[in-house]
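Take a look at the structure set out below.
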Amino acid sequence: MTKQLTIALTKGRIEEGTVELLERAGFDMSFMADKGRNLIFESPDKRFRFLLVKAPDVTTYVRHGVADIGVVGKDVLIEHPTGYLEMLDLNFGLCKFSVASTNAYDPTDHKRKRIATKYPILAKDFFNQKGEDVEIISIQGSVEIAPVIGLADAIVDIVETGNTLKANGLEVFEDICRISARMIVNKASLKNKPELLPFIKKIEGLVGDREVAFK
Ligand code: PRP
């Protein structure tokens with residue numbers, strides 16, 4: 001008997017990108033067209049079940065084995081690095097992590113810098129690798145105002161179009177790494193569900209293994 005695959009998707013753009021990708025792979029995804037406020041969807045043939053969840057929770061569902069597959073941004077995986085296998089770079093949802101600040105910022109200044117971010121693990125790693133011990137100030141959002149009002153010397157944040165930085169008088173000083181949507185899987189599912197590997201291979205054939213440089 002065919003076993004059902006449960007896929008946890010990050011609500012919003014990643015969910016839309018994944019549905020589009022699955023349509024390209026030949027799956028009829030029309031059952032997800034009229035979502036309303038539903039958060040669980042089952043395909044009419046019962047082969048797939050989709051859970052729509054918040055980004056960091058994708059890793060939680062996969063880690064606990066209630067989802068076989070998760071689709072989530074690399075930014076989230078960096079901060080939640082364990083309990084799953086990262087299988088594919090899906091090559092959509094492209095953006096980057098950067099260090100940004102006002103033009104008063106001097107990256108070569110030797111004083112201990114204060115860095116505001118929603119991504120403390122990534123930010124600390126980045127500066128540590130450069131041999132700099134920085135003070136990380138964790139905040140939850142609207143990070144761009146931190147250097148403007150003097151909470152921090154600079155920020156580490158996601159840059160996509162650059163519009164948010166520009167609107168708040170900030171500029172990029174350093175790029176840290178590329179971010180894109182990734183497919184993660186539960187290790188046990190890979191063993192126990194023979195349907196899983198062919199599914200991954202099918203998607204892999206569509207996304208290729210391109211490493212896209214910074215936009
Ligand atoms: C992200 C990020 C920036 C913005 C960058 O925020 O933290 O603020 O997008 O996009 P841009 O370069 O295209 O302007 P998000 O929309 O996730 O909101 P948040 O800051 O409230 O988390």
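Letters A, B, ... go to the chains of the structure tokens in the order shown; residues in each chain start at 1; ligands are counted from 1 in the same order.
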For A:Val72, list every protein, DNA or RNA residue within 9 Å, evaluated using only C-alpha atoms, and leave out those in the same chain fewer than 4 positions away; present the list as a list in words. Ala8, Leu9, Thr10, Ile14, Glu15, Ala55, Pro56, Val58, Thr59, Val76, Leu77, Ser180, Ala181, Arg182, Met183 and Ile184 of chain A
If we count only C-alpha atoms, what is near stretch 191-196 of chain A at a cut-off of 12 Å, once residues fewer than 4 positions away on the same chain are taken out, given as a ChimeraX atom specification? /A:1-7,47-48,65,67-69,87,184-187,200-203
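For the residues A:Glu86, A:Glu204, A:Asp106, A:Glu174, ranking by smallest atom-to-atom distance to A:Lys130 using only C-alpha atoms places A:Glu174 first.
Among all protein and nucleic acid residues, the ones that lie within 8 Å of ligand 1 when counting only C-alpha atoms and all ligand atoms are Cys95, Lys118, Gln140, Gly141, Ser142, Val143, Glu144, Asp157, Ile158, Val159, Glu160, Thr161, Gly162, Asn163, Thr164, Leu165 and Lys166 of chain A.
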Export of prior selection with N, CA and C atoms as a compact mmCIF listing (two decimals), in the first residue's frame:
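Writing the result to again-v8.txt gives the following:
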```txt
# COMPACT_ATOMS: atom_id res chain seq x y z
N CYS A 95 17.47 35.35 -1.51
CA CYS A 95 17.89 36.59 -0.88
C CYS A 95 19.25 36.35 -0.24
N LYS A 118 17.95 39.30 14.15
CA LYS A 118 17.01 38.22 14.47
C LYS A 118 17.72 36.88 14.35
N GLN A 140 13.39 41.01 17.51
CA GLN A 140 12.44 40.15 16.81
C GLN A 140 12.04 40.64 15.42
N GLY A 141 12.27 41.91 15.11
CA GLY A 141 11.87 42.41 13.79
C GLY A 141 12.14 43.90 13.72
N SER A 142 11.82 44.49 12.56
CA SER A 142 12.12 45.92 12.34
C SER A 142 13.55 46.25 12.75
N VAL A 143 14.45 45.33 12.41
CA VAL A 143 15.86 45.41 12.83
C VAL A 143 16.52 46.68 12.29
N GLU A 144 16.00 47.16 11.16
CA GLU A 144 16.66 48.28 10.47
C GLU A 144 16.74 49.55 11.30
N ASP A 157 21.00 41.10 8.74
CA ASP A 157 19.61 40.82 8.39
C ASP A 157 19.50 40.31 6.95
N ILE A 158 18.28 39.90 6.61
CA ILE A 158 17.99 39.44 5.25
C ILE A 158 17.80 40.64 4.34
N VAL A 159 18.43 40.57 3.17
CA VAL A 159 18.22 41.60 2.15
C VAL A 159 17.69 40.91 0.91
N GLU A 160 16.57 41.41 0.43
CA GLU A 160 16.04 40.84 -0.82
C GLU A 160 16.15 41.90 -1.90
N THR A 161 15.25 42.87 -1.90
CA THR A 161 15.34 43.95 -2.89
C THR A 161 16.28 45.06 -2.44
N GLY A 162 16.48 45.16 -1.13
CA GLY A 162 17.29 46.26 -0.58
C GLY A 162 16.43 47.48 -0.25
N ASN A 163 15.13 47.39 -0.54
CA ASN A 163 14.25 48.55 -0.35
C ASN A 163 14.10 48.95 1.13
N THR A 164 14.04 47.94 2.01
CA THR A 164 13.86 48.26 3.43
C THR A 164 15.09 48.99 3.97
N LEU A 165 16.28 48.53 3.57
CA LEU A 165 17.51 49.21 3.99
C LEU A 165 17.49 50.65 3.51
N LYS A 166 17.21 50.81 2.23
CA LYS A 166 17.23 52.13 1.61
C LYS A 166 16.24 53.08 2.30
```
What lies within 10 Å of A:Gly12 using only C-alpha atoms, ignoring chain neighbours under 5 positions off, as a list in words?
Gly17, Leu52, Val53, Lys54 and Ala55 of chain A
Judged by only C-alpha atoms, the minimum distance to A:Arg13 among A:Thr60, A:Leu94, A:Tyr119, A:Asp75 is found for A:Leu94
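In this structure, atom CA of A:Ile176 sits 7.2 Å away from atom CA of A:Phe126.
Remark: for A:Asp133, the closest of the candidate residues A:Val66, A:Leu51, A:Leu85, A:Ile115 is A:Ile115 (distances computed over only C-alpha atoms).
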*Backbone DSSP call of strand (DSSP E) for stretch 74-179 of chain A, listed as a ChimeraX atom specification*: /A:85-89,95-101,114-117,135-138,154-159,171-179
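The gap separating atom CA of A:Asp175 from atom CA of A:Asp57 is 26.8 Å, in Å to one decimal.
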